[in-house]
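Just upload.cif here, mmCIF, C-alpha atoms:
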data_target
#
loop_
_atom_site.label_atom_id
_atom_site.label_comp_id
_atom_site.auth_asym_id
_atom_site.auth_seq_id
_atom_site.Cartn_x
_atom_site.Cartn_y
_atom_site.Cartn_z
CA VAL A 1 0.00 0.00 0.00
CA VAL A 2 2.80 2.41 0.95
CA VAL A 3 4.66 1.75 -2.31
CA VAL A 4 1.56 2.27 -4.47
CA LEU A 5 0.48 5.45 -2.66
CA GLY A 6 4.04 6.75 -2.84
CA ILE A 7 3.13 7.69 -6.42
CA ILE A 8 1.08 10.57 -4.94
CA ASP A 9 4.20 12.24 -3.53
CA ALA A 10 6.06 11.73 -6.80
CA PHE A 11 3.36 13.56 -8.79
CA SER A 12 2.43 16.25 -6.23
CA ASP A 13 5.50 18.47 -6.12
CA LEU A 14 5.94 21.06 -8.84
CA GLY A 15 9.69 21.37 -8.27
CA SER A 16 9.39 23.40 -5.04
CA GLY A 17 13.12 23.27 -4.32
CA TRP A 18 14.04 24.30 -7.86
CA VAL A 19 11.55 27.18 -8.00
CA LEU A 20 12.40 28.66 -4.61
CA ALA A 21 16.14 28.29 -5.18
CA ALA A 22 15.89 30.09 -8.52
CA TYR A 23 13.95 33.08 -7.12
CA PHE A 24 14.51 33.14 -3.35
CA HIS A 25 17.11 35.91 -3.47
CA LYS A 26 15.77 37.79 -6.51
CA LYS A 27 14.68 41.23 -5.32
CA GLU A 28 12.41 41.75 -8.33
CA ILE A 29 10.28 38.76 -7.28
CA ASN A 30 7.68 38.97 -4.51
CA ARG A 31 8.81 36.02 -2.41
CA ARG A 32 5.62 35.96 -0.32
CA GLN A 33 3.44 35.68 -3.43
CA LEU A 34 5.81 33.15 -4.97
CA THR A 35 5.54 30.93 -1.90
CA PHE A 36 1.74 31.11 -1.81
CA ASN A 37 1.33 30.38 -5.52
CA LEU A 38 3.70 27.43 -5.25
CA ILE A 39 1.70 26.00 -2.33
CA PHE A 40 -1.51 26.63 -4.29
CA LEU A 41 -0.32 24.73 -7.39
CA ASN A 42 1.13 21.86 -5.34
CA SER A 43 -2.17 21.60 -3.45
CA LEU A 44 -4.17 21.40 -6.69
CA LEU A 45 -1.94 18.57 -7.89
CA ARG A 46 -2.10 16.70 -4.59
CA PHE A 47 -5.89 17.04 -4.17
CA SER A 48 -6.47 15.87 -7.76
CA ILE A 49 -4.25 12.79 -7.46
CA ILE A 50 -5.59 11.86 -4.01
CA GLY A 51 -9.14 12.16 -5.41
CA ILE A 52 -8.28 9.72 -8.19
CA PHE A 53 -6.75 7.23 -5.73
CA PHE A 54 -9.75 7.57 -3.42
CA PHE A 55 -12.36 6.79 -6.07
CA LEU A 56 -10.24 3.97 -7.54
CA GLY A 57 -9.28 2.58 -4.14
CA GLN A 58 -11.14 -0.72 -4.29
CA LEU A 59 -10.04 -1.33 -7.88
CA ILE A 60 -6.38 -0.69 -6.94
CA LEU A 61 -6.60 -3.08 -3.99
CA ASN A 62 -8.18 -5.79 -6.14
CA THR A 63 -5.82 -5.53 -9.12
CA ILE A 64 -2.47 -4.30 -7.79
CA ILE A 65 -2.26 -5.04 -4.08
CA LEU A 66 -3.05 -8.76 -4.13
CA VAL A 67 -3.15 -9.24 -0.36
CA GLU A 68 -6.26 -10.35 1.47
CA SER A 69 -6.90 -8.54 4.76
CA PRO A 70 -10.15 -7.36 6.34
CA ASN A 71 -8.54 -4.06 7.36
CA LEU A 72 -6.69 -3.38 4.12
CA LEU A 73 -9.17 -0.78 2.83
CA SER A 74 -9.05 1.06 6.17
CA ILE A 75 -5.23 1.09 6.09
CA TYR A 76 -5.37 2.33 2.49
CA HIS A 77 -7.64 5.24 3.45
CA ILE A 78 -5.57 6.16 6.53
CA ILE A 79 -2.38 6.39 4.46
CA LEU A 80 -4.29 8.27 1.77
CA LEU A 81 -5.43 10.77 4.41
CA SER A 82 -1.85 11.14 5.64
CA LYS A 83 -0.81 12.15 2.11
CA LEU A 84 -3.41 14.92 2.20
CA PHE A 85 -1.71 16.60 5.17
CA LEU A 86 1.60 16.83 3.28
CA ILE A 87 0.44 19.76 1.12
CA MET A 88 2.87 22.15 2.85
CA SER A 89 5.86 19.86 3.27
CA SER A 90 7.83 20.28 0.04
CA VAL A 91 7.50 24.07 -0.03
CA GLY A 92 8.07 24.38 3.71
CA MET A 93 11.17 22.18 3.68
CA SER A 94 12.71 24.07 0.75
CA TYR A 95 11.95 27.41 2.41
CA LEU A 96 13.55 26.24 5.67
CA ILE A 97 16.75 25.28 3.87
CA LEU A 98 17.05 28.44 1.77
CA ASN A 99 16.18 30.61 4.78
CA LYS A 100 18.92 28.79 6.75
CA ASN A 101 16.47 27.49 9.34
CA ALA A 102 17.16 23.79 8.81
CA ASN A 103 17.64 23.40 12.58
CA PHE A 104 13.85 23.83 12.92
CA PHE A 105 13.36 20.76 10.72
CA PHE A 106 15.68 18.80 13.01
CA ILE A 107 13.45 19.71 15.96
CA LEU A 108 10.35 18.62 14.00
CA GLU A 109 11.97 15.29 13.11
CA ILE A 110 12.88 14.55 16.73
CA LEU A 111 9.42 15.50 18.02
CA SER A 112 7.58 13.50 15.35
CA LEU A 113 9.87 10.49 15.87
CA VAL A 114 9.32 10.42 19.64
CA THR A 115 5.57 11.07 19.35
CA CYS A 116 4.90 8.55 16.58
CA GLN A 117 7.00 5.79 18.14
CA SER A 118 5.32 6.27 21.52
CA ILE A 119 1.79 6.23 20.06
CA GLY A 120 2.66 3.32 17.76
CA LEU A 121 3.98 1.29 20.69
CA TRP A 122 0.82 2.03 22.68
CA LEU A 123 -1.39 0.97 19.76
CA VAL A 124 0.44 -2.33 19.40
CA ILE A 125 0.61 -3.19 23.12
CA LYS A 126 -2.75 -1.90 24.36
CA LEU A 127 -5.02 -2.27 21.34
CA GLY A 128 -3.28 -5.08 19.48
CA TYR A 129 -2.97 -3.11 16.25
CA LYS A 130 -0.23 -4.14 13.81
CA ALA A 131 -0.33 -2.80 10.26
CA GLU A 132 -2.96 -0.29 11.33
CA ALA A 133 -0.51 1.13 13.89
CA LEU A 134 2.03 1.87 11.14
CA ALA A 135 -0.64 3.63 9.08
CA ILE A 136 -1.78 5.71 12.06
CA MET A 137 1.84 6.66 12.79
CA GLU A 138 2.15 7.95 9.22
CA LEU A 139 -1.02 9.99 9.70
CA ILE A 140 0.23 11.53 12.96
CA ARG A 141 3.59 12.37 11.38
CA SER A 142 1.84 14.08 8.47
CA ILE A 143 -0.48 16.07 10.76
CA MET A 144 2.50 17.28 12.81
CA SER A 145 4.29 18.28 9.61
CA PHE A 146 1.22 20.20 8.39
CA CYS A 147 0.86 22.08 11.69
CA PHE A 148 4.57 22.89 11.87
CA PHE A 149 4.88 24.25 8.32
CA SER A 150 1.56 26.12 8.57
CA ILE A 151 2.83 28.00 11.62
CA TYR A 152 6.26 28.57 10.04
CA LEU A 153 4.92 29.87 6.73
CA ILE A 154 1.89 31.85 7.91
CA GLN A 155 3.83 35.14 8.00
CA LYS A 156 5.81 34.31 4.87
CA VAL A 157 3.00 34.16 2.32
CA GLU A 158 0.75 36.68 0.63
CA MET A 159 -2.53 35.09 -0.43
CA LYS A 160 -2.75 36.46 -3.93
CA ILE A 161 -2.93 34.55 -7.20
CA ASN A 162 -0.27 35.90 -9.55
CA LYS A 163 -0.62 34.63 -13.14
CA LYS A 164 2.90 35.72 -14.06
CA LEU A 165 4.40 33.83 -11.11
CA ILE A 166 2.26 30.78 -11.88
CA LYS A 167 3.68 30.77 -15.40
CA GLU A 168 7.24 31.03 -14.03
CA ILE A 169 6.60 28.24 -11.51
CA ILE A 170 5.23 25.91 -14.17
CA GLU A 171 8.10 26.66 -16.56
CA ILE A 172 10.78 25.91 -13.96
CA GLY A 173 9.01 23.33 -11.82
CA ALA A 174 7.12 21.24 -14.40
CA PRO A 175 10.22 19.16 -15.34
CA ALA A 176 10.11 17.79 -11.76
CA LEU A 177 6.92 15.97 -12.79
CA ILE A 178 9.14 14.01 -15.18
CA LYS A 179 12.20 13.53 -12.99
CA THR A 180 10.60 12.54 -9.68
CA PRO A 181 8.02 10.01 -10.98
CA SER A 182 10.52 8.47 -13.41
CA SER A 183 13.06 8.01 -10.59
CA TYR A 184 10.32 6.47 -8.43
CA PHE A 185 9.11 4.05 -11.09
CA LEU A 186 12.59 3.07 -12.26
CA GLY A 187 13.71 2.38 -8.69
CA ASN A 188 10.79 0.03 -8.13
CA ILE A 189 11.33 -1.68 -11.49
CA GLU A 190 14.80 -2.62 -10.23
CA LYS A 191 13.33 -4.33 -7.15
CA PHE A 192 10.62 -6.03 -9.23
CA SER A 193 13.23 -7.35 -11.68
CA LEU A 194 15.28 -8.79 -8.84
CA GLN A 195 12.31 -10.59 -7.36
CA TYR A 196 10.97 -11.75 -10.73
CA PHE A 197 14.22 -13.10 -12.20
CA ILE A 198 16.05 -14.16 -9.05
CA GLY A 199 13.74 -14.49 -6.06
CA ALA A 200 12.90 -12.99 -2.70
CA ILE A 201 16.07 -14.27 -0.96
CA GLN A 202 18.43 -12.54 -3.40
CA LEU A 203 16.28 -9.41 -3.22
CA GLY A 204 16.73 -9.51 0.55
CA ILE A 205 20.52 -9.76 0.21
CA PHE A 206 20.64 -6.87 -2.23
CA SER A 207 18.26 -4.73 -0.15
CA HIS A 208 20.30 -5.35 3.00
CA GLY A 209 23.53 -4.25 1.30
CA ALA A 210 21.80 -1.22 -0.22
CA SER A 211 20.27 -0.20 3.13
CA TYR A 212 23.63 1.08 4.41
CA LYS A 213 23.53 3.80 1.76
CA LYS A 214 21.04 5.76 3.88
CA TYR A 215 23.79 6.70 6.34
CA GLN A 216 25.87 8.31 3.62
CA ASN A 217 22.73 9.94 2.23
CA ILE A 218 22.07 11.55 5.62
CA LEU A 219 25.52 13.13 5.46
CA LEU A 220 24.97 14.26 1.87
CA LYS A 221 21.53 15.77 2.58
CA SER A 222 22.81 17.52 5.71
CA PHE A 223 25.65 19.10 3.77
CA ASN A 224 23.35 20.17 0.92
CA ARG A 225 20.88 21.76 3.33
CA VAL A 226 23.60 23.86 4.94
CA TYR A 227 26.04 24.68 2.15
CA GLY A 228 23.53 24.57 -0.71
CA ALA A 229 21.54 27.45 0.76
CA GLU A 230 24.66 29.56 1.14
CA PHE A 231 25.86 28.79 -2.38
CA ILE A 232 22.49 29.68 -3.97
CA GLU A 233 22.42 32.99 -2.08
CA LYS A 234 26.00 33.98 -2.98
CA TYR A 235 25.68 32.85 -6.59
CA THR A 236 22.38 34.68 -7.13
CA LYS A 237 23.80 37.90 -5.67
CA ASN A 238 27.07 37.55 -7.67
CA GLU A 239 29.00 37.36 -4.39
CA LEU A 240 30.39 33.85 -4.79
CA ASP A 241 34.03 33.42 -3.74
CA ILE A 242 35.21 30.73 -6.14
CA ASN A 243 38.35 29.98 -4.09
CA ARG A 244 36.26 29.36 -0.98
CA HIS A 245 33.92 27.18 -3.04
CA ILE A 246 36.88 25.09 -4.24
CA TRP A 247 38.19 24.90 -0.65
CA PHE A 248 34.86 23.45 0.52
CA GLY A 249 34.69 21.11 -2.47
CA ILE A 250 38.10 19.54 -1.86
CA ARG A 251 37.39 18.92 1.82
CA TRP A 252 33.90 17.62 1.16
CA LEU A 253 35.20 15.09 -1.35
CA ALA A 254 38.03 14.12 1.01
CA ILE A 255 35.52 13.37 3.79
CA ASN A 256 33.37 11.31 1.42
CA PHE A 257 36.42 9.42 0.16
CA LEU A 258 37.56 8.54 3.68
CA ILE A 259 34.07 7.37 4.63
CA SER A 260 33.81 5.24 1.49
CA LEU A 261 37.28 3.79 2.11
CA GLY A 262 36.38 2.97 5.71
CA ILE A 263 33.21 1.23 4.56
CA ILE A 264 35.08 -0.83 1.98
CA LEU A 265 37.60 -1.95 4.63
CA PHE A 266 35.24 -2.73 7.51
CA ILE A 267 31.67 -3.22 6.25
CA GLY A 268 32.21 -6.94 5.68
CA ASN A 269 33.07 -7.56 9.35
CA PHE A 270 30.13 -5.40 10.45
CA ILE A 271 27.62 -7.31 8.30
CA ASP A 272 29.08 -10.62 9.48
CA ILE A 273 28.57 -9.71 13.15
CA LEU A 274 25.20 -8.01 12.64
CA THR A 275 23.58 -10.79 10.60
CA HIS A 276 25.43 -13.81 12.09
CA SER A 277 27.01 -14.55 8.68
CA LYS A 278 23.60 -14.89 6.97
CA PHE A 279 24.01 -11.87 4.67
CA ASN A 280 27.77 -11.83 4.05
CA GLU A 281 27.15 -11.66 0.30
CA ALA A 282 25.64 -8.19 0.85
CA ARG A 283 29.16 -6.89 1.48
CA ILE A 284 29.93 -6.35 -2.21
CA VAL A 285 26.64 -4.46 -2.62
CA ALA A 286 27.37 -2.09 0.26
CA GLU A 287 30.93 -1.48 -0.91
CA LEU A 288 30.04 -0.66 -4.53
CA ILE A 289 27.06 1.48 -3.56
CA PHE A 290 29.29 3.60 -1.33
CA VAL A 291 31.70 4.02 -4.23
CA ALA A 292 28.76 5.03 -6.45
CA THR A 293 27.56 7.55 -3.86
CA PHE A 294 31.04 9.04 -3.68
CA CYS A 295 31.00 9.53 -7.47
CA GLN A 296 27.60 11.19 -7.18
CA SER A 297 28.93 13.58 -4.53
CA ILE A 298 31.42 14.95 -7.08
CA MET A 299 28.59 16.60 -9.00
CA THR A 300 27.10 18.26 -5.88
CA PHE A 301 28.96 21.53 -6.40
CA TYR A 302 28.08 21.62 -10.09
CA SER A 303 24.37 20.84 -9.64
CA TYR A 304 23.89 24.02 -7.58
CA VAL A 305 24.75 26.03 -10.69
CA LEU A 306 22.12 24.22 -12.79
CA ILE A 307 19.42 25.06 -10.25
CA ALA A 308 20.49 28.70 -9.90
CA GLU A 309 20.55 29.03 -13.71
CA LYS A 310 17.04 27.48 -13.96
CA LYS A 311 18.24 24.56 -16.11
CA THR A 312 15.55 22.27 -14.71
CA LYS A 313 14.58 20.89 -18.12
CA PHE A 314 18.14 19.66 -18.56
CA ILE A 315 18.12 18.09 -15.08
CA ALA A 316 14.84 16.28 -15.78
CA GLY A 317 15.81 15.23 -19.32
CA SER A 318 19.25 13.92 -18.41
CA SER A 319 17.87 12.11 -15.34
CA MET A 320 15.24 10.40 -17.45
CA ILE A 321 17.74 9.33 -20.13
CA ILE A 322 20.17 8.01 -17.53
CA GLY A 323 17.29 6.31 -15.68
CA ILE A 324 16.11 4.49 -18.80
CA LEU A 325 19.67 3.39 -19.66
CA SER A 326 20.28 2.25 -16.08
CA THR A 327 17.01 0.34 -15.89
CA GLY A 328 17.76 -1.42 -19.17
CA ALA A 329 21.21 -2.32 -17.88
CA VAL A 330 19.73 -3.61 -14.61
CA ILE A 331 17.14 -5.87 -16.26
CA LEU A 332 19.67 -7.29 -18.73
CA SER A 333 22.42 -7.70 -16.12
CA ILE A 334 20.13 -9.38 -13.58
CA TYR A 335 19.00 -11.82 -16.26
CA ILE A 336 22.61 -12.63 -17.22
CA PHE A 337 24.62 -12.24 -13.98
CA GLY A 338 22.03 -12.71 -11.22
CA TRP A 339 21.42 -10.41 -8.26
CA LEU A 340 24.84 -8.74 -8.61
CA GLY A 341 23.67 -7.43 -11.97
CA ALA A 342 21.41 -4.99 -10.12
CA LEU A 343 24.52 -2.99 -9.27
CA SER A 344 25.09 -2.20 -12.95
CA GLY A 345 22.32 0.42 -12.99
CA ILE A 346 23.62 2.14 -9.85
CA LEU A 347 27.19 2.22 -11.15
CA LEU A 348 26.12 3.40 -14.60
CA SER A 349 24.00 6.28 -13.26
CA SER A 350 26.71 7.29 -10.76
CA ALA A 351 29.16 7.59 -13.65
CA LEU A 352 26.86 9.31 -16.16
CA ASN A 353 25.19 11.82 -13.80
CA PRO A 354 28.43 13.67 -12.91
CA LEU A 355 29.57 13.62 -16.55
CA PHE A 356 26.31 15.12 -17.85
CA THR A 357 26.19 17.71 -15.07
CA ILE A 358 29.83 18.82 -15.26
CA PHE A 359 29.65 19.08 -19.06
CA LYS A 360 26.54 21.26 -18.92
CA VAL A 361 27.89 23.56 -16.18
CA LYS A 362 31.17 24.09 -18.02
CA LYS A 363 29.17 25.02 -21.10
CA ILE A 364 27.04 27.49 -19.13
CA LEU A 365 30.05 29.14 -17.49
CA ASN A 366 32.22 28.95 -20.65
CA LEU A 367 34.85 26.87 -18.86
CA THR A 368 37.33 24.64 -20.64
#

If you took the structure in this file and wrote it as structure tokens, what would it be?
Amino acid sequence: VVVVLGIIDAFSDLGSGWVLAAYFHKKEINRRQLTFNLIFLNSLLRFSIIGIFFFLGQLILNTIILVESPNLLSIYHIILLSKLFLIMSSVGMSYLILNKNANFFFILEILSLVTCQSIGLWLVIKLGYKAEALAIMELIRSIMSFCFFSIYLIQKVEMKINKKLIKEIIEIGAPALIKTPSSYFLGNIEKFSLQYFIGAIQLGIFSHGASYKKYQNILLKSFNRVYGAEFIEKYTKNELDINRHIWFGIRWLAINFLISLGIILFIGNFIDILTHSKFNEARIVAELIFVATFCQSIMTFYSYVLIAEKKTKFIAGSSMIIGILSTGAVILSIYIFGWLGALSGILLSSALNPLFTIFKVKKILNLT
């Protein structure tokens, strides 16, 4: 249910991060109106898609989610309701980052984690809920997010429809409706291919090895939220110190390299101890995924330029091309080489993404 309804999030964000980054520090743009119109358009998208999923709910459960459970429809509707309360999240999160208030998001995450885990535990122990408890936890997390961002943004919006701004938002943000859903679908095709051609056990091994990537992603997202906001501001105002930018870049890549090297050297022993030698084969997955993530981190400093220069169509187009190539490579490699073939798509995209991005940025800045 969660995977199917995840499509709603993929189709409900009109490139909030791209739009706000492009105009956040432009004095000629009314930021308060921009923020409101972006929330307005995202809300229209979200309400429309949720409406479709609501009316087709029983059909989706009967044809796609082939699991029999008396409470399945209730769980479906609870998660669907939780998606409704996320209308402010993408805009609010992007605004927090660009306004250098990311520490507020950290507070929200801690509060929602503690609250949801406590309520979820109570539901399981006292009321005997299982899957329903997870759905209710998602709903509570979404409600807390809605309340938080509503309070944060209430003084930062001007409730006025601006046709010119709507046109600008659609022009810059619409490519996100290609990039995000395609990334979502292609990622799930990879998992489906593993299970279809190889089996659930091999999918489990691959998923376990890939799960360690989230720790490196936390580091990457944290850095982007802090340094990305500063870069966008300085670049937009033509105040960027290129030497300082290079200084940060070298040290950031050095940190990522050392982390990746440490993982390659010690992750095997860690998996062996953690899983009692049951998932030792996942070692190669974890190692290569960390190498791939390191390659992706190289393009971090270049991708800021693409966003600031409003090259969102290029970002979406290149991501889709790379995604299609990677997915084709994954399906073919899994069929030929087994579960290890799934790594081909990750490695291919981690090599092509930096190349595409660096080439485009050098062309924009007339660098050789």

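Contact shell of Ser207 (chain A) at 10 Å (all atoms listed in the file; same-chain neighbours under 3 positions omitted): Lys191, Ile201, Gln202, Leu203, Gly204, Ala210, Ser211, Tyr212, Ala282, Val285 and Ala286 of chain A.
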
For Ser182 (chain A), which residue among A:Ala316, A:Val305, A:Ala329, A:Ile346 is the nearest when counting all atoms listed in the file?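 Once distances to Ser182 (chain A) are computed over all atoms listed in the file, the minimum belongs to A:Ala316.
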
Skipping near chain neighbours, those fewer than 3 positions away, what residues fall within 10 Å of Phe185 (chain A) using all atoms listed in the file, listed as a ChimeraX atom specification? /A:7,10,180-182,188-190,323,327

Given the file shown, enumerate the residues that the PyMOL selection byres ((chain A and resi 110-112) around 10) captures and present them as a list in words.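 For this structure, the PyMOL selection byres ((chain A and resi 110-112) around 10) resolves to Phe105, Phe106, Ile107, Leu108, Glu109, Leu113, Val114, Thr115, Cys116, Gln117, Ser118, Met137, Glu138, Ile140, Arg141, Ser142, Ile143, Met144 and Ser145 of chain A.
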
Closest of A:Met299, A:Ile136, A:Met159, A:Ile205 to Lys83 (chain A) - atom-to-atom distances counting all atoms listed in the file: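 Nearest to Lys83 (chain A): A:Ile136.
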
Using all atoms listed in the file, what residues lie at most 8 Å away from (11.8, 18.4, -12.0) (file coordinates), given as a list of chain:residue names?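 Neighbouring residues, ordered by chain and number, come to A:Leu14, A:Gly15, A:Trp18, A:Ile172, A:Gly173, A:Ala174, A:Pro175, A:Ala176, A:Leu177, A:Ile178, A:Lys179, A:Thr180, A:Thr312, A:Lys313, A:Ile315, A:Ala316.
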
What do you get, as a compact mmCIF listing (two decimals) with C-alpha atoms, in the coordinates of the input, if you spell out every residue that the PyMOL selection byres ((chain A and resi 349) around 10) selects here?
# COMPACT_ATOMS: atom_id res chain seq x y z
CA ALA A 292 28.76 5.03 -6.45
CA CYS A 295 31.00 9.53 -7.47
CA GLN A 296 27.60 11.19 -7.18
CA SER A 319 17.87 12.11 -15.34
CA ILE A 321 17.74 9.33 -20.13
CA ILE A 322 20.17 8.01 -17.53
CA GLY A 323 17.29 6.31 -15.68
CA ILE A 324 16.11 4.49 -18.80
CA LEU A 325 19.67 3.39 -19.66
CA SER A 326 20.28 2.25 -16.08
CA THR A 327 17.01 0.34 -15.89
CA SER A 344 25.09 -2.20 -12.95
CA GLY A 345 22.32 0.42 -12.99
CA ILE A 346 23.62 2.14 -9.85
CA LEU A 347 27.19 2.22 -11.15
CA LEU A 348 26.12 3.40 -14.60
CA SER A 350 26.71 7.29 -10.76
CA ALA A 351 29.16 7.59 -13.65
CA LEU A 352 26.86 9.31 -16.16
CA ASN A 353 25.19 11.82 -13.80
CA PRO A 354 28.43 13.67 -12.91
CA LEU A 355 29.57 13.62 -16.55

As a ChimeraX atom specification, please: the residues near Leu253 (chain A) (cut-off 9 Å, only C-alpha atoms, same-chain neighbours under 5 positions excluded). /A:248,258,294,297-298

CA of Glu168 (chain A) and CA of Ile307 (chain A) are how many Å apart?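 Between these atoms lies a distance of 14.1 Å.
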
Expected axis-aligned box over every listed atom of region 109-120 of chain A, 5 Å added per side, centre plus edges in Å to one decimal, as JSON:
{"center_x": 7.3, "center_y": 9.4, "center_z": 17.3, "size_x": 21.1, "size_y": 22.2, "size_z": 18.4}

Taking the file as I've supplied it (selection: the PyMOL selection byres ((chain A and resi 233) around 12)), which residues are included? Please answer as a VMD selection string. chain A and resid 20 to 27 97 to 100 226 to 232 234 to 241 304 to 305 307 to 308

For a quick check of understanding, using all atoms listed in the file, which of A:Tyr76, A:Phe104, A:Phe359, A:Trp122 has the smallest distance to Ser318 (chain A)?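 Of the candidates, the smallest distance to Ser318 (chain A) is held by A:Phe359.
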
With all atoms listed in the file as the atoms that count, which of A:Thr293, A:Ser94, A:Gln33, A:Asn366 lies nearest to Ile218 (chain A)?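 Closest to Ile218 (chain A), using all atoms listed in the file: A:Thr293.
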
Two-atom distance - CA of Glu309 (chain A), CA of Ile161 (chain A) (Å):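 A separation of 25.0 Å between them.
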
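Picture a line from CA of Leu84 (chain A) to CA of Ser43 (chain A); it runs 8.8 Å.
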
Nearest candidate to Leu139 (chain A) (options A:His77, A:Lys221, A:Arg283, A:Arg46; using all atoms listed in the file): A:His77

So that I can check the surroundings of Phe149 (chain A), please list as a PyMOL selection string every protein, DNA and RNA residue that reaches within 8 Å of it, counting only C-alpha atoms and ignoring chain neighbours fewer than 4 positions away. chain A and resi 88-89+92+145+153

Have region 342-356 of chain A completed to N, CA, C and O atoms, please, and pass it along as a PDB file, in the coordinates of the input.
ATOM      1  N   ALA A 342      22.169  -6.178 -10.517  1.00  0.00           N
ATOM      2  CA  ALA A 342      21.410  -4.990 -10.120  1.00  0.00           C
ATOM      3  C   ALA A 342      22.316  -3.799  -9.851  1.00  0.00           C
ATOM      4  O   ALA A 342      21.892  -2.643  -9.935  1.00  0.00           O
ATOM      5  N   LEU A 343      23.565  -4.072  -9.540  1.00  0.00           N
ATOM      6  CA  LEU A 343      24.520  -2.990  -9.270  1.00  0.00           C
ATOM      7  C   LEU A 343      24.901  -2.227 -10.536  1.00  0.00           C
ATOM      8  O   LEU A 343      25.389  -1.093 -10.450  1.00  0.00           O
ATOM      9  N   SER A 344      24.686  -2.842 -11.696  1.00  0.00           N
ATOM     10  CA  SER A 344      25.090  -2.200 -12.950  1.00  0.00           C
ATOM     11  C   SER A 344      24.378  -0.872 -13.151  1.00  0.00           C
ATOM     12  O   SER A 344      24.977   0.110 -13.603  1.00  0.00           O
ATOM     13  N   GLY A 345      23.080  -0.822 -12.822  1.00  0.00           N
ATOM     14  CA  GLY A 345      22.320   0.420 -12.990  1.00  0.00           C
ATOM     15  C   GLY A 345      22.824   1.521 -12.074  1.00  0.00           C
ATOM     16  O   GLY A 345      22.950   2.682 -12.476  1.00  0.00           O
ATOM     17  N   ILE A 346      23.124   1.162 -10.825  1.00  0.00           N
ATOM     18  CA  ILE A 346      23.620   2.140  -9.850  1.00  0.00           C
ATOM     19  C   ILE A 346      24.969   2.689 -10.295  1.00  0.00           C
ATOM     20  O   ILE A 346      25.218   3.897 -10.263  1.00  0.00           O
ATOM     21  N   LEU A 347      25.854   1.799 -10.727  1.00  0.00           N
ATOM     22  CA  LEU A 347      27.190   2.220 -11.150  1.00  0.00           C
ATOM     23  C   LEU A 347      27.132   3.048 -12.426  1.00  0.00           C
ATOM     24  O   LEU A 347      27.877   4.028 -12.579  1.00  0.00           O
ATOM     25  N   LEU A 348      26.242   2.657 -13.347  1.00  0.00           N
ATOM     26  CA  LEU A 348      26.120   3.400 -14.600  1.00  0.00           C
ATOM     27  C   LEU A 348      25.603   4.811 -14.348  1.00  0.00           C
ATOM     28  O   LEU A 348      26.154   5.788 -14.879  1.00  0.00           O
ATOM     29  N   SER A 349      24.563   4.947 -13.534  1.00  0.00           N
ATOM     30  CA  SER A 349      24.000   6.280 -13.260  1.00  0.00           C
ATOM     31  C   SER A 349      24.976   7.130 -12.461  1.00  0.00           C
ATOM     32  O   SER A 349      25.061   8.343 -12.673  1.00  0.00           O
ATOM     33  N   SER A 350      25.742   6.514 -11.553  1.00  0.00           N
ATOM     34  CA  SER A 350      26.710   7.290 -10.760  1.00  0.00           C
ATOM     35  C   SER A 350      27.871   7.789 -11.609  1.00  0.00           C
ATOM     36  O   SER A 350      28.527   8.771 -11.246  1.00  0.00           O
ATOM     37  N   ALA A 351      28.105   7.128 -12.739  1.00  0.00           N
ATOM     38  CA  ALA A 351      29.160   7.590 -13.650  1.00  0.00           C
ATOM     39  C   ALA A 351      28.628   8.637 -14.625  1.00  0.00           C
ATOM     40  O   ALA A 351      29.287   9.649 -14.899  1.00  0.00           O
ATOM     41  N   LEU A 352      27.408   8.412 -15.147  1.00  0.00           N
ATOM     42  CA  LEU A 352      26.860   9.310 -16.160  1.00  0.00           C
ATOM     43  C   LEU A 352      26.355  10.631 -15.586  1.00  0.00           C
ATOM     44  O   LEU A 352      26.505  11.686 -16.211  1.00  0.00           O
ATOM     45  N   ASN A 353      25.744  10.595 -14.400  1.00  0.00           N
ATOM     46  CA  ASN A 353      25.190  11.820 -13.800  1.00  0.00           C
ATOM     47  C   ASN A 353      26.241  12.918 -13.643  1.00  0.00           C
ATOM     48  O   ASN A 353      26.024  14.054 -14.072  1.00  0.00           O
ATOM     49  N   PRO A 354      27.398  12.628 -13.023  1.00  0.00           N
ATOM     50  CA  PRO A 354      28.430  13.670 -12.910  1.00  0.00           C
ATOM     51  C   PRO A 354      28.933  14.157 -14.272  1.00  0.00           C
ATOM     52  O   PRO A 354      29.175  15.351 -14.456  1.00  0.00           O
ATOM     53  N   LEU A 355      29.067  13.228 -15.229  1.00  0.00           N
ATOM     54  CA  LEU A 355      29.570  13.620 -16.550  1.00  0.00           C
ATOM     55  C   LEU A 355      28.609  14.578 -17.239  1.00  0.00           C
ATOM     56  O   LEU A 355      29.024  15.614 -17.780  1.00  0.00           O
ATOM     57  N   PHE A 356      27.323  14.255 -17.246  1.00  0.00           N
ATOM     58  CA  PHE A 356      26.310  15.120 -17.850  1.00  0.00           C
ATOM     59  C   PHE A 356      26.292  16.485 -17.171  1.00  0.00           C
ATOM     60  O   PHE A 356      26.253  17.527 -17.826  1.00  0.00           O
TER      61      PHE A 356
END
